[in-house]
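Source file: coords_8.cif; contents: mmCIF, C-alpha atoms.
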data_run
#
loop_
_atom_site.label_atom_id
_atom_site.label_comp_id
_atom_site.auth_asym_id
_atom_site.auth_seq_id
_atom_site.Cartn_x
_atom_site.Cartn_y
_atom_site.Cartn_z
CA MET A 991 115.23 100.03 147.45
CA PRO A 992 112.67 98.02 145.44
CA ASP A 993 114.08 95.49 143.02
CA SER A 994 112.88 97.05 139.77
CA VAL A 995 114.17 100.54 140.69
CA PHE A 996 117.54 98.95 141.46
CA ILE A 997 117.60 97.31 138.03
CA TYR A 998 116.70 100.59 136.30
CA VAL A 999 119.57 102.24 138.16
CA ILE A 1000 121.93 99.57 136.84
CA ILE A 1001 120.56 99.84 133.28
CA PHE A 1002 121.03 103.59 133.04
CA GLY A 1003 124.22 103.48 135.09
CA THR A 1004 125.66 101.05 132.55
CA LEU A 1005 124.49 103.15 129.61
CA PHE A 1006 125.77 106.52 130.78
CA GLY A 1007 128.72 105.06 132.62
CA SER A 1008 130.07 103.42 129.48
CA ILE A 1009 129.43 106.45 127.23
CA GLY A 1010 130.98 108.78 129.81
CA GLY A 1011 133.88 106.39 130.22
CA ALA A 1012 134.48 106.43 126.47
CA ALA A 1013 134.38 110.25 126.36
CA VAL A 1014 136.83 110.56 129.23
CA LEU A 1015 139.04 107.87 127.72
CA VAL A 1016 139.57 110.01 124.62
CA TRP A 1017 141.17 112.64 126.84
CA PHE A 1018 142.85 110.15 129.20
CA GLU A 1019 144.52 108.28 126.34
CA ARG A 1020 146.09 111.44 124.93
CA ARG A 1021 147.22 112.43 128.40
CA LEU A 1022 148.76 108.99 129.04
CA LEU A 1023 150.42 108.96 125.61
CA GLY A 1024 151.93 112.34 126.45
CA PHE A 1025 153.30 110.91 129.68
CA TRP A 1026 154.88 107.93 127.91
CA GLN A 1027 156.29 110.03 125.11
CA ASP A 1028 157.78 112.56 127.55
CA ARG A 1029 155.54 115.49 126.63
CA LEU A 1030 152.62 117.22 128.28
CA GLY A 1031 149.57 116.19 126.31
CA PRO A 1032 146.29 118.17 126.52
CA ASN A 1033 146.46 120.04 129.86
CA ARG A 1034 144.80 123.41 129.23
CA VAL A 1035 141.03 122.93 129.61
CA GLY A 1036 140.12 122.63 133.29
CA PRO A 1037 142.09 120.67 135.91
CA PHE A 1038 144.58 118.34 134.18
CA GLY A 1039 142.81 119.18 130.92
CA ILE A 1040 139.80 116.96 131.70
CA GLY A 1041 137.51 119.64 130.28
CA LEU A 1042 138.76 118.58 126.87
CA ALA A 1043 136.42 115.57 126.97
CA PHE A 1044 133.42 117.92 127.16
CA ALA A 1045 134.89 120.40 124.68
CA ASP A 1046 135.25 117.52 122.20
CA ILE A 1047 131.61 116.52 122.62
CA ILE A 1048 130.36 120.10 122.19
CA LYS A 1049 132.55 120.56 119.12
CA LEU A 1050 131.31 117.35 117.47
CA PHE A 1051 127.68 118.24 118.15
CA THR A 1052 127.93 121.71 116.64
CA LYS A 1053 129.59 120.52 113.43
CA GLU A 1054 127.59 120.22 110.25
CA ASP A 1055 125.51 117.04 109.92
CA TRP A 1056 126.82 116.27 106.45
CA VAL A 1057 125.84 113.40 104.16
CA PRO A 1058 127.75 113.49 100.86
CA PRO A 1059 125.35 113.59 97.87
CA PHE A 1060 127.20 110.72 96.17
CA ALA A 1061 126.86 108.42 99.20
CA ASP A 1062 124.18 105.81 99.85
CA LYS A 1063 122.21 107.92 102.30
CA PHE A 1064 120.47 105.38 104.53
CA VAL A 1065 123.43 103.02 104.90
CA PHE A 1066 125.74 105.97 105.40
CA ILE A 1067 123.74 107.08 108.43
CA PHE A 1068 123.13 103.55 109.69
CA ALA A 1069 126.78 102.43 109.72
CA PRO A 1070 128.09 104.55 112.63
CA THR A 1071 125.03 103.81 114.75
CA ALA A 1072 125.58 100.06 114.29
CA ILE A 1073 129.00 99.97 115.95
CA MET A 1074 127.85 102.13 118.83
CA MET A 1075 124.74 100.04 119.45
CA ALA A 1076 126.64 96.75 119.20
CA MET A 1077 129.32 97.84 121.64
CA LEU A 1078 126.80 99.31 124.10
CA LEU A 1079 124.73 96.12 123.99
CA GLY A 1080 127.88 94.14 124.76
CA PHE A 1081 128.00 95.86 128.14
CA ALA A 1082 124.66 94.32 129.09
CA VAL A 1083 126.26 91.02 130.10
CA VAL A 1084 129.32 92.36 131.95
CA PRO A 1085 129.02 91.60 135.69
CA TYR A 1086 130.42 94.49 137.79
CA GLY A 1087 129.88 92.68 141.06
CA PRO A 1088 127.76 89.92 142.61
CA GLY A 1089 124.22 90.74 141.48
CA LEU A 1090 125.39 93.88 139.67
CA TYR A 1091 124.61 93.28 136.00
CA VAL A 1092 121.92 94.22 133.52
CA VAL A 1093 121.25 90.59 132.70
CA ASP A 1094 122.91 87.25 133.53
CA LEU A 1095 122.36 85.17 130.41
CA ASN A 1096 123.43 81.53 130.37
CA ILE A 1097 124.92 82.31 126.93
CA ALA A 1098 126.52 85.60 127.99
CA LEU A 1099 129.86 84.75 126.39
CA LEU A 1100 128.22 83.98 123.03
CA PHE A 1101 126.18 87.19 123.31
CA PHE A 1102 129.39 89.17 123.82
CA LEU A 1103 131.11 87.48 120.86
CA GLY A 1104 128.06 88.11 118.69
CA MET A 1105 127.94 91.78 119.57
CA THR A 1106 131.63 92.34 118.83
CA SER A 1107 131.17 90.55 115.49
CA LEU A 1108 128.34 92.90 114.54
CA ALA A 1109 130.87 95.73 114.56
CA VAL A 1110 132.18 94.26 111.28
CA TYR A 1111 129.00 95.39 109.52
CA SER A 1112 129.51 98.92 110.71
CA VAL A 1113 132.97 99.40 109.19
CA LEU A 1114 132.19 97.43 106.03
CA LEU A 1115 128.91 99.26 105.35
CA GLY A 1116 130.52 102.59 106.23
CA GLY A 1117 133.26 101.93 103.70
CA LEU A 1118 130.85 100.75 101.00
CA ALA A 1119 128.25 103.49 101.43
CA SER A 1120 130.83 106.28 101.26
CA ARG A 1121 131.46 105.60 97.55
CA ASN A 1122 135.05 106.66 98.07
CA LYS A 1123 138.07 104.60 97.05
CA PHE A 1124 139.98 105.11 100.29
CA ALA A 1125 136.91 104.30 102.34
CA LEU A 1126 136.21 101.15 100.31
CA LEU A 1127 139.77 99.87 100.75
CA GLY A 1128 139.70 100.68 104.46
CA GLY A 1129 136.35 98.98 104.95
CA LEU A 1130 137.46 95.84 103.08
CA ARG A 1131 140.73 95.57 104.96
CA SER A 1132 138.98 96.04 108.21
CA ALA A 1133 136.32 93.44 107.43
CA ALA A 1134 138.94 90.85 106.41
CA GLN A 1135 140.99 91.58 109.52
CA MET A 1136 138.04 91.36 111.86
CA VAL A 1137 136.58 88.14 110.48
CA SER A 1138 140.03 86.51 110.53
CA TYR A 1139 140.69 87.38 114.14
CA GLU A 1140 137.15 86.55 115.14
CA VAL A 1141 137.64 82.86 114.35
CA PHE A 1142 140.12 82.28 117.14
CA MET A 1143 138.82 84.99 119.44
CA GLY A 1144 135.94 82.68 120.31
CA LEU A 1145 138.10 79.55 120.25
CA SER A 1146 140.61 81.03 122.68
CA LEU A 1147 137.87 81.32 125.30
CA MET A 1148 136.86 77.69 125.04
CA GLY A 1149 139.57 76.60 127.50
CA VAL A 1150 137.91 78.81 130.10
CA VAL A 1151 134.48 77.45 129.19
CA MET A 1152 135.77 73.88 129.59
CA LEU A 1153 137.21 74.63 133.04
CA SER A 1154 134.14 76.45 134.32
CA GLY A 1155 131.55 74.38 132.43
CA SER A 1156 129.37 77.37 131.54
CA PHE A 1157 128.94 80.29 129.15
CA SER A 1158 127.59 82.48 131.94
CA LEU A 1159 130.03 85.20 132.97
CA VAL A 1160 128.83 85.06 136.59
CA ASP A 1161 129.63 81.34 136.72
CA ILE A 1162 133.02 81.97 135.10
CA VAL A 1163 133.90 84.55 137.76
CA ASN A 1164 132.74 82.25 140.53
CA ALA A 1165 134.90 79.44 139.11
CA GLN A 1166 137.96 81.64 139.74
CA GLN A 1167 137.67 81.72 143.55
CA ASP A 1168 140.84 79.66 143.98
CA VAL A 1169 142.97 80.61 140.99
CA TRP A 1170 142.50 83.14 138.18
CA PHE A 1171 142.18 81.72 134.69
CA VAL A 1172 145.09 83.86 133.53
CA PHE A 1173 147.38 81.32 135.25
CA SER A 1174 145.69 78.12 134.08
CA GLN A 1175 144.82 79.51 130.62
CA PHE A 1176 147.74 81.80 129.87
CA LEU A 1177 147.84 80.93 126.18
CA GLY A 1178 144.11 81.57 125.91
CA PHE A 1179 144.58 84.93 127.61
CA LEU A 1180 147.36 85.88 125.21
CA VAL A 1181 145.39 84.96 122.09
CA PHE A 1182 142.20 86.60 123.33
CA THR A 1183 144.00 89.85 124.13
CA ILE A 1184 145.63 90.02 120.69
CA ALA A 1185 142.36 89.15 118.98
CA GLY A 1186 140.57 91.73 121.10
CA ILE A 1187 142.97 94.45 120.00
CA ALA A 1188 142.45 93.44 116.37
CA GLU A 1189 138.66 93.33 116.78
CA SER A 1190 138.50 96.84 118.19
CA HIS A 1191 141.09 97.81 115.53
CA ARG A 1192 143.34 99.64 117.92
CA LEU A 1193 147.01 100.24 117.35
CA PRO A 1194 149.17 98.29 116.57
CA PHE A 1195 146.37 96.63 114.52
CA ASP A 1196 144.72 99.79 113.19
CA LEU A 1197 145.51 98.93 109.55
CA PRO A 1198 141.93 99.76 108.41
CA GLU A 1199 142.58 103.42 109.18
CA ALA A 1200 146.32 103.55 108.64
CA GLU A 1201 146.72 107.31 108.22
CA HIS A 1202 149.76 107.31 105.99
CA GLU A 1203 148.21 105.21 103.24
CA LEU A 1204 144.42 105.34 103.49
CA VAL A 1205 143.67 108.90 104.71
CA ALA A 1206 141.27 107.79 107.45
CA GLY A 1207 140.14 104.41 106.14
CA PHE A 1208 136.43 103.62 106.26
CA HIS A 1209 135.45 106.93 107.89
CA THR A 1210 137.19 109.21 105.37
CA GLU A 1211 133.88 110.77 104.28
CA TYR A 1212 132.43 111.02 107.79
CA SER A 1213 132.40 114.19 109.82
CA GLY A 1214 130.67 115.72 112.82
CA MET A 1215 128.78 113.47 115.19
CA LYS A 1216 128.67 110.54 112.76
CA PHE A 1217 132.45 110.42 112.88
CA GLY A 1218 132.14 110.93 116.63
CA MET A 1219 129.99 107.81 116.86
CA PHE A 1220 132.66 105.74 115.11
CA MET A 1221 135.18 107.10 117.57
CA VAL A 1222 132.97 106.53 120.61
CA GLY A 1223 132.31 103.01 119.29
CA GLU A 1224 136.03 102.34 119.10
CA TYR A 1225 136.67 103.57 122.64
CA LEU A 1226 133.63 101.67 123.92
CA GLY A 1227 135.22 98.62 122.29
CA VAL A 1228 138.44 99.21 124.22
CA ILE A 1229 136.57 99.45 127.51
CA LEU A 1230 134.39 96.44 126.67
CA ILE A 1231 137.34 94.21 125.74
CA SER A 1232 139.25 95.34 128.84
CA SER A 1233 136.37 94.58 131.15
CA MET A 1234 135.84 91.20 129.46
CA ILE A 1235 139.52 90.29 129.93
CA ALA A 1236 139.23 91.36 133.57
CA THR A 1237 136.08 89.27 134.01
CA ILE A 1238 137.21 86.14 132.22
CA PHE A 1239 140.89 85.94 133.08
CA PHE A 1240 141.50 88.15 136.15
CA GLY A 1241 138.66 87.07 138.41
CA GLY A 1242 136.27 89.96 137.69
CA TRP A 1243 135.03 91.43 140.95
CA LEU A 1244 136.97 88.95 143.16
CA GLY A 1245 139.52 90.56 145.46
CA PRO A 1246 140.38 91.15 149.13
CA ASP A 1247 137.35 91.99 151.27
CA PHE A 1248 138.31 95.43 152.58
CA LEU A 1249 137.03 97.16 149.45
CA PRO A 1250 133.73 96.56 147.60
CA PRO A 1251 133.77 94.09 144.67
CA ILE A 1252 132.95 96.75 142.08
CA PHE A 1253 136.17 98.55 143.03
CA TRP A 1254 138.27 95.50 142.18
CA PHE A 1255 136.45 95.09 138.88
CA GLY A 1256 137.01 98.76 138.06
CA LEU A 1257 140.67 98.65 139.04
CA LYS A 1258 141.42 95.60 136.88
CA SER A 1259 139.58 97.06 133.88
CA PHE A 1260 141.32 100.41 134.34
CA LEU A 1261 144.78 98.81 134.39
CA LEU A 1262 143.93 96.84 131.23
CA VAL A 1263 142.79 100.02 129.47
CA CYS A 1264 146.15 101.57 130.41
CA PHE A 1265 147.83 98.50 128.94
CA PHE A 1266 145.93 99.05 125.66
CA VAL A 1267 147.21 102.64 125.56
CA LEU A 1268 150.76 101.48 126.37
CA LEU A 1269 150.59 99.14 123.35
CA ARG A 1270 149.70 102.11 121.18
CA ALA A 1271 152.67 104.06 122.54
CA ALA A 1272 155.17 101.22 122.32
CA ILE A 1273 154.57 99.02 119.26
CA PRO A 1274 154.88 99.95 115.57
CA ARG A 1275 152.21 98.96 113.07
CA PRO A 1276 152.81 95.72 111.08
CA ARG A 1277 152.27 95.39 107.34
CA TYR A 1278 148.84 94.17 106.27
CA ASP A 1279 149.98 90.80 104.87
CA GLN A 1280 152.05 90.24 108.02
CA LEU A 1281 148.97 90.88 110.11
CA MET A 1282 146.86 88.39 108.18
CA SER A 1283 149.44 85.61 108.08
CA PHE A 1284 150.16 86.18 111.79
CA GLY A 1285 146.50 85.49 112.46
CA TRP A 1286 146.01 82.43 110.26
CA LYS A 1287 149.45 80.81 110.52
CA ILE A 1288 150.39 81.41 114.17
CA MET A 1289 147.40 82.35 116.29
CA LEU A 1290 144.89 79.84 114.90
CA PRO A 1291 147.17 76.75 115.28
CA LEU A 1292 148.20 78.03 118.73
CA THR A 1293 144.56 78.23 119.79
CA LEU A 1294 143.82 74.71 118.60
CA VAL A 1295 146.89 73.40 120.48
CA ASN A 1296 145.72 75.21 123.62
CA LEU A 1297 142.30 73.62 123.25
CA MET A 1298 143.62 70.07 122.84
CA VAL A 1299 146.23 70.37 125.63
CA THR A 1300 143.71 71.84 128.06
CA GLY A 1301 141.28 69.02 127.32
CA ALA A 1302 143.95 66.34 127.72
CA VAL A 1303 145.32 67.79 130.97
CA VAL A 1304 141.91 68.16 132.55
CA LEU A 1305 140.89 64.62 131.52
CA TRP A 1306 144.17 63.13 132.79
CA TRP A 1307 144.29 64.77 136.22
CA GLY A 1308 140.58 65.29 136.64
CA TYR A 1309 139.41 68.63 138.00
CA MET B 183 122.63 77.92 137.47
CA THR B 184 121.12 81.23 138.48
CA GLU B 185 118.97 82.95 135.92
CA SER B 186 118.06 86.60 136.08
CA PRO B 187 114.93 87.94 134.37
CA LEU B 188 115.27 88.92 130.72
CA TRP B 189 113.29 92.16 130.69
CA PRO B 190 116.20 94.39 131.79
CA LEU B 191 117.95 93.43 128.55
CA VAL B 192 114.91 94.50 126.54
CA VAL B 193 114.72 97.83 128.41
CA TYR B 194 118.45 98.31 127.91
CA PHE B 195 118.13 97.56 124.20
CA PHE B 196 115.46 100.22 123.69
CA ALA B 197 117.39 102.69 125.86
CA VAL B 198 120.42 102.19 123.60
CA ILE B 199 118.36 102.76 120.45
CA ALA B 200 116.76 105.86 121.96
CA LEU B 201 120.15 107.26 122.93
CA VAL B 202 121.57 106.72 119.44
CA LEU B 203 118.53 108.36 117.83
CA ILE B 204 118.78 111.32 120.22
CA ILE B 205 122.45 111.80 119.35
CA LEU B 206 121.68 111.68 115.61
CA GLY B 207 118.72 114.03 115.90
CA LEU B 208 120.47 116.51 118.17
CA SER B 209 123.53 116.76 115.96
CA SER B 210 121.39 117.43 112.88
CA LEU B 211 119.45 120.14 114.79
CA VAL B 212 122.42 121.88 116.37
CA GLY B 213 124.85 121.75 113.46
CA PRO B 214 125.08 124.53 110.86
CA ARG B 215 123.90 124.12 107.25
CA SER B 216 126.42 123.73 104.49
CA THR B 217 127.61 126.38 102.14
CA MET B 218 128.01 124.57 98.84
CA GLN B 219 131.36 125.17 97.25
CA ARG B 220 133.07 123.89 94.16
CA ALA B 221 134.62 120.74 95.66
CA THR B 222 132.00 120.05 98.32
CA ILE B 223 130.31 117.32 96.30
CA GLU B 224 133.47 115.48 95.25
CA PRO B 225 134.70 112.35 97.04
CA PHE B 226 137.84 113.09 99.03
CA GLU B 227 140.98 111.79 97.33
CA SER B 228 143.70 113.83 98.98
CA GLY B 229 143.04 116.85 96.79
CA VAL B 230 143.42 115.01 93.49
CA VAL B 231 140.39 115.11 91.19
CA GLY B 232 138.93 111.60 91.24
CA ILE B 233 138.91 109.49 88.09
CA GLY B 234 136.30 106.85 87.36
CA SER B 235 133.90 105.08 89.66
CA SER B 236 134.69 104.27 93.27
CA GLN B 237 133.64 100.67 92.67
CA ILE B 238 137.18 99.58 91.91
CA PRO B 239 138.22 95.95 91.35
CA ILE B 240 139.48 94.45 94.60
CA SER B 241 142.08 91.79 95.39
CA VAL B 242 140.82 88.23 95.26
CA GLU B 243 142.43 87.56 98.67
CA PHE B 244 139.56 89.33 100.41
CA TYR B 245 137.15 86.87 98.80
CA LEU B 246 139.28 83.91 99.90
CA ILE B 247 139.44 85.21 103.48
CA ALA B 248 135.67 85.54 103.53
CA MET B 249 135.30 81.92 102.40
CA PHE B 250 137.77 80.64 105.00
CA PHE B 251 135.90 82.60 107.62
CA VAL B 252 132.65 80.84 106.78
CA ILE B 253 134.34 77.41 106.89
CA PHE B 254 136.29 77.94 110.11
CA ASP B 255 133.64 79.87 111.98
CA LEU B 256 131.10 77.14 111.28
CA GLU B 257 133.52 74.61 112.68
CA THR B 258 134.10 76.66 115.82
CA VAL B 259 130.37 76.47 116.49
CA TYR B 260 130.71 72.70 116.97
CA ILE B 261 133.72 73.20 119.22
CA PHE B 262 131.70 75.67 121.32
CA ALA B 263 129.00 73.06 121.83
CA TRP B 264 131.60 70.47 122.86
CA ALA B 265 133.44 72.80 125.26
CA VAL B 266 130.38 73.66 127.32
CA ALA B 267 129.51 69.95 127.74
CA PHE B 268 133.13 68.91 128.28
CA PHE B 269 132.71 67.11 131.64
CA GLU B 270 129.54 65.29 130.63
CA LEU B 271 131.13 63.94 127.44
CA GLY B 272 134.43 62.88 129.02
CA LEU B 273 137.01 60.86 127.12
CA PHE B 274 134.69 59.83 124.29
CA GLY B 275 133.81 63.43 123.55
CA TYR B 276 137.48 64.38 123.65
CA LEU B 277 138.44 61.71 121.10
CA ALA B 278 135.53 62.66 118.85
CA ILE B 279 136.46 66.34 118.85
CA SER B 280 140.11 65.39 118.28
CA VAL B 281 139.14 63.74 115.00
CA PHE B 282 137.07 66.80 114.14
CA ILE B 283 139.91 69.22 114.89
CA LEU B 284 142.30 66.99 112.95
CA ILE B 285 140.14 67.46 109.84
CA LEU B 286 140.16 71.20 110.53
CA VAL B 287 143.96 71.20 110.77
CA VAL B 288 144.28 69.21 107.52
CA ALA B 289 142.14 71.84 105.79
CA LEU B 290 144.30 74.60 107.26
CA ILE B 291 147.51 72.90 106.08
CA TYR B 292 146.04 72.49 102.60
CA GLU B 293 145.16 76.19 102.42
CA TRP B 294 148.59 77.11 103.75
CA LYS B 295 150.48 74.89 101.28
CA SER B 296 148.41 75.96 98.29
CA GLY B 297 149.37 79.56 99.06
CA ALA B 298 145.86 80.79 99.75
CA LEU B 299 147.02 82.49 102.95
CA ASP B 300 149.80 84.43 101.23
CA TRP B 301 149.26 88.01 100.11
CA GLY B 302 150.88 89.98 97.37
CA VAL B 303 152.79 88.42 94.48
CA LYS B 304 151.58 84.90 93.81
CA LYS B 305 153.91 81.97 93.39
CA ARG B 306 151.02 79.56 93.43
CA VAL B 307 149.49 77.63 90.56
CA GLY B 308 147.50 75.01 92.41
CA LEU B 309 149.48 72.70 94.69
CA ARG B 310 153.20 72.35 94.29
CA GLU B 311 154.58 69.18 92.58
#
Take the structure in this file and express it as structure tokens.
Amino acid sequence: MPDSVFIYVIIFGTLFGSIGGAAVLVWFERRLLGFWQDRLGPNRVGPFGIGLAFADIIKLFTKEDWVPPFADKFVFIFAPTAIMMAMLLGFAVVPYGPGLYVVDLNIALLFFLGMTSLAVYSVLLGGLASRNKFALLGGLRSAAQMVSYEVFMGLSLMGVVMLSGSFSLVDIVNAQQDVWFVFSQFLGFLVFTIAGIAESHRLPFDLPEAEHELVAGFHTEYSGMKFGMFMVGEYLGVILISSMIATIFFGGWLGPDFLPPIFWFGLKSFLLVCFFVLLRAAIPRPRYDQLMSFGWKIMLPLTLVNLMVTGAVVLWWGY
Amino acid sequence: MTESPLWPLVVYFFAVIALVLIILGLSSLVGPRSTMQRATIEPFESGVVGIGSSQIPISVEFYLIAMFFVIFDLETVYIFAWAVAFFELGLFGYLAISVFILILVVALIYEWKSGALDWGVKKRVGLRE
């Protein structure tokens, strides 16, 4: 197969693979939640209810494309596309296997952090443009939460960057041949996972859309496919964060030789996605002020300690 | 360091934009048109008729958080640059960044003690003492 055809296959494989993954995850999450909560979950449409993923898509497409007359029209339409584009672009730097990536940037890690930060604009603009009090409160909360957790999300990865000496995700995976970074950087892993959950505002950190107090948060006024894009963006975020944790801390595609590397990458990401769903099933939602002080008063000092200790240990014993 | 060509990223970028535009266009073509009813043009407020503008005054904490974000995120940029050159800089770089992080921690302690990180009812009027 010629090189350029191969790259086009990867590009469109990534694009449709991630969108399809997000659509299936909507069904899979409900199914898994049902399992953990000792009930059936959606099981009617097709085998195991997997047809529900397609039924959802068809339903969202055939709903009215509604822009409220009191909303800021352009920004209202732009906001949901922003989160979807940012999350999809984040997938460009994820290496699925040796040589299997859209692009191997030498600043891949920064690119990923930048793309997840852009999602802030989506929820903030969505909340502002709706001209709705609930949406405004949800958007503000969400923006404050995301920028707070973003500060140490990047910092928590710096231990890994120090050990591997590069921002390139391919180099980071190759630096884990002997030992996964989850063992040498456990604190970093912990902080990054928590920050990742907060960035993709999943439960237990889904305060921006806390149903019992804010209706639906920033997407109160959204319906049809524009709401669907927010939802797809959120699930894309879950998959993206999971695959980044797998790549950075669990050795990415590295694994025993009897199966292809992409299988190991997929398996690790899949288990992490299940872990995200388990969190949703198991942990109650904190109060908003608790969430913010948890971030600034515990996670940020912890990250700085991790940074200094890692530096000191590596300097003392060499590498 | 291996470098792959950059053009796949450009192609991917335009593919993403095209996909998003197709989704938007398709949903506006396929969906039905609205039947205007009495409450269709009102902002949703759980069934209660809304009072006043939606541009309500917001808590000052959000503004503080935004300022802290600018301060701390700028400082992380320097730490990023140090981390990637960690082995080249060695002990000297480590000591230099220690001083830098110390200043960062002092700023954090000041914010903490002055109550800027607390939400809800304020007990703060400047620093204590």
Exercise. Measure the distance from atom CA of Phe1220 of chain A to atom CA of Pro1070 of chain A in Å and round it to one decimal.
Key: 5.3 Å
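One distance worth recording is that between atom CA of Leu1281 of chain A and atom CA of Trp294 of chain B, which is 15.2 Å.
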Quiz item: Can you tell me, as JSON, numbers by chain, what residues are no more than 10 Å from segment 281-291 of chain B when counting only C-alpha atoms, ignoring any on the same chain fewer than 5 positions away?
Solution: {"A": [1286, 1287, 1290, 1291, 1294, 1295, 1297, 1298], "B": [250, 253, 254, 257, 258, 260, 261, 276, 296, 297, 298, 299]}
Specify the axis-aligned box that encloses all atoms of segment 1059-1071 of chain A listed in the file after padding of 3 Å on each side, stating its centre and edge lengths in Å to one decimal as JSON.
{"center_x": 124.3, "center_y": 108.0, "center_z": 105.5, "size_x": 13.6, "size_y": 17.2, "size_z": 24.6}
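Closest approach to Ala1125 of chain A among B:Ile233, B:Tyr292, B:Ser209, B:Pro225: B:Pro225, based on all atoms listed in the file.
For the choices B:Thr217, B:Leu256, B:Ala197, B:Ile247, the atom-to-atom distance to Asp300 of chain B is smallest for B:Ile247 when using all atoms listed in the file.
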Exercise. Just the residues within 12 Å of Pro239 of chain B, please, counting only C-alpha atoms, with nothing from its chain fewer than 3 positions along; format it as a list in words.
Key: Lys1123, Leu1126, Leu1127 and Leu1130 of chain A; Gly234, Ser235, Ser236, Val242, Glu243, Phe244 and Tyr245 of chain B
Quiz item: Which is closer to Leu1050 of chain A than all the others in A:Met1219, A:Val1228, A:Val1304, A:Met1136, using all atoms listed in the file?
Solution: A:Met1219
Selection: 9 Å around Leu1262 of chain A, only C-alpha atoms, excl. self and same-chain fewer than 5 positions, as a PDB file with C-alpha atoms, in the coordinates of the input:
ATOM      1  CA  ILE A1229     136.570  99.450 127.510  1.00  0.00           C
ATOM      2  CA  ILE A1231     137.340  94.210 125.740  1.00  0.00           C
ATOM      3  CA  SER A1232     139.250  95.340 128.840  1.00  0.00           C
ATOM      4  CA  SER A1233     136.370  94.580 131.150  1.00  0.00           C
ATOM      5  CA  ILE A1235     139.520  90.290 129.930  1.00  0.00           C
ATOM      6  CA  ALA A1236     139.230  91.360 133.570  1.00  0.00           C
ATOM      7  CA  LEU A1257     140.670  98.650 139.040  1.00  0.00           C
ATOM      8  CA  VAL A1267     147.210 102.640 125.560  1.00  0.00           C
TER       9      VAL A1267
END
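Atom pair atom CA of Gly1116 of chain A / atom CA of Phe1208 of chain A has a distance of 6.0 Å (rounded to one decimal).
For the residues B:Met218, B:Tyr194, B:Trp189, B:Lys295, ranking by smallest atom-to-atom distance to Ala1082 of chain A using all atoms listed in the file places B:Tyr194 first.
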Quiz item: Any idea what's packed within 9 Å of Phe251 of chain B, counting all atoms listed in the file, ignoring anything in its chain fewer than 5 positions away? Could you give it as a list of chain:residue names?
Solution: A:Ala1134, A:Val1137, A:Ser1138, A:Glu1140, A:Val1141, B:Leu246, B:Leu256
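The set of residues that the PyMOL selection byres ((chain B and resi 201) around 12) takes from this file is Phe1002, Leu1005, Phe1006, Ile1009, Thr1071, Met1074, Met1075, Leu1078 and Met1219 of chain A; Tyr194, Phe195, Phe196, Ala197, Val198, Ile199, Ala200, Val202, Leu203, Ile204, Ile205, Leu206, Gly207 and Leu208 of chain B.
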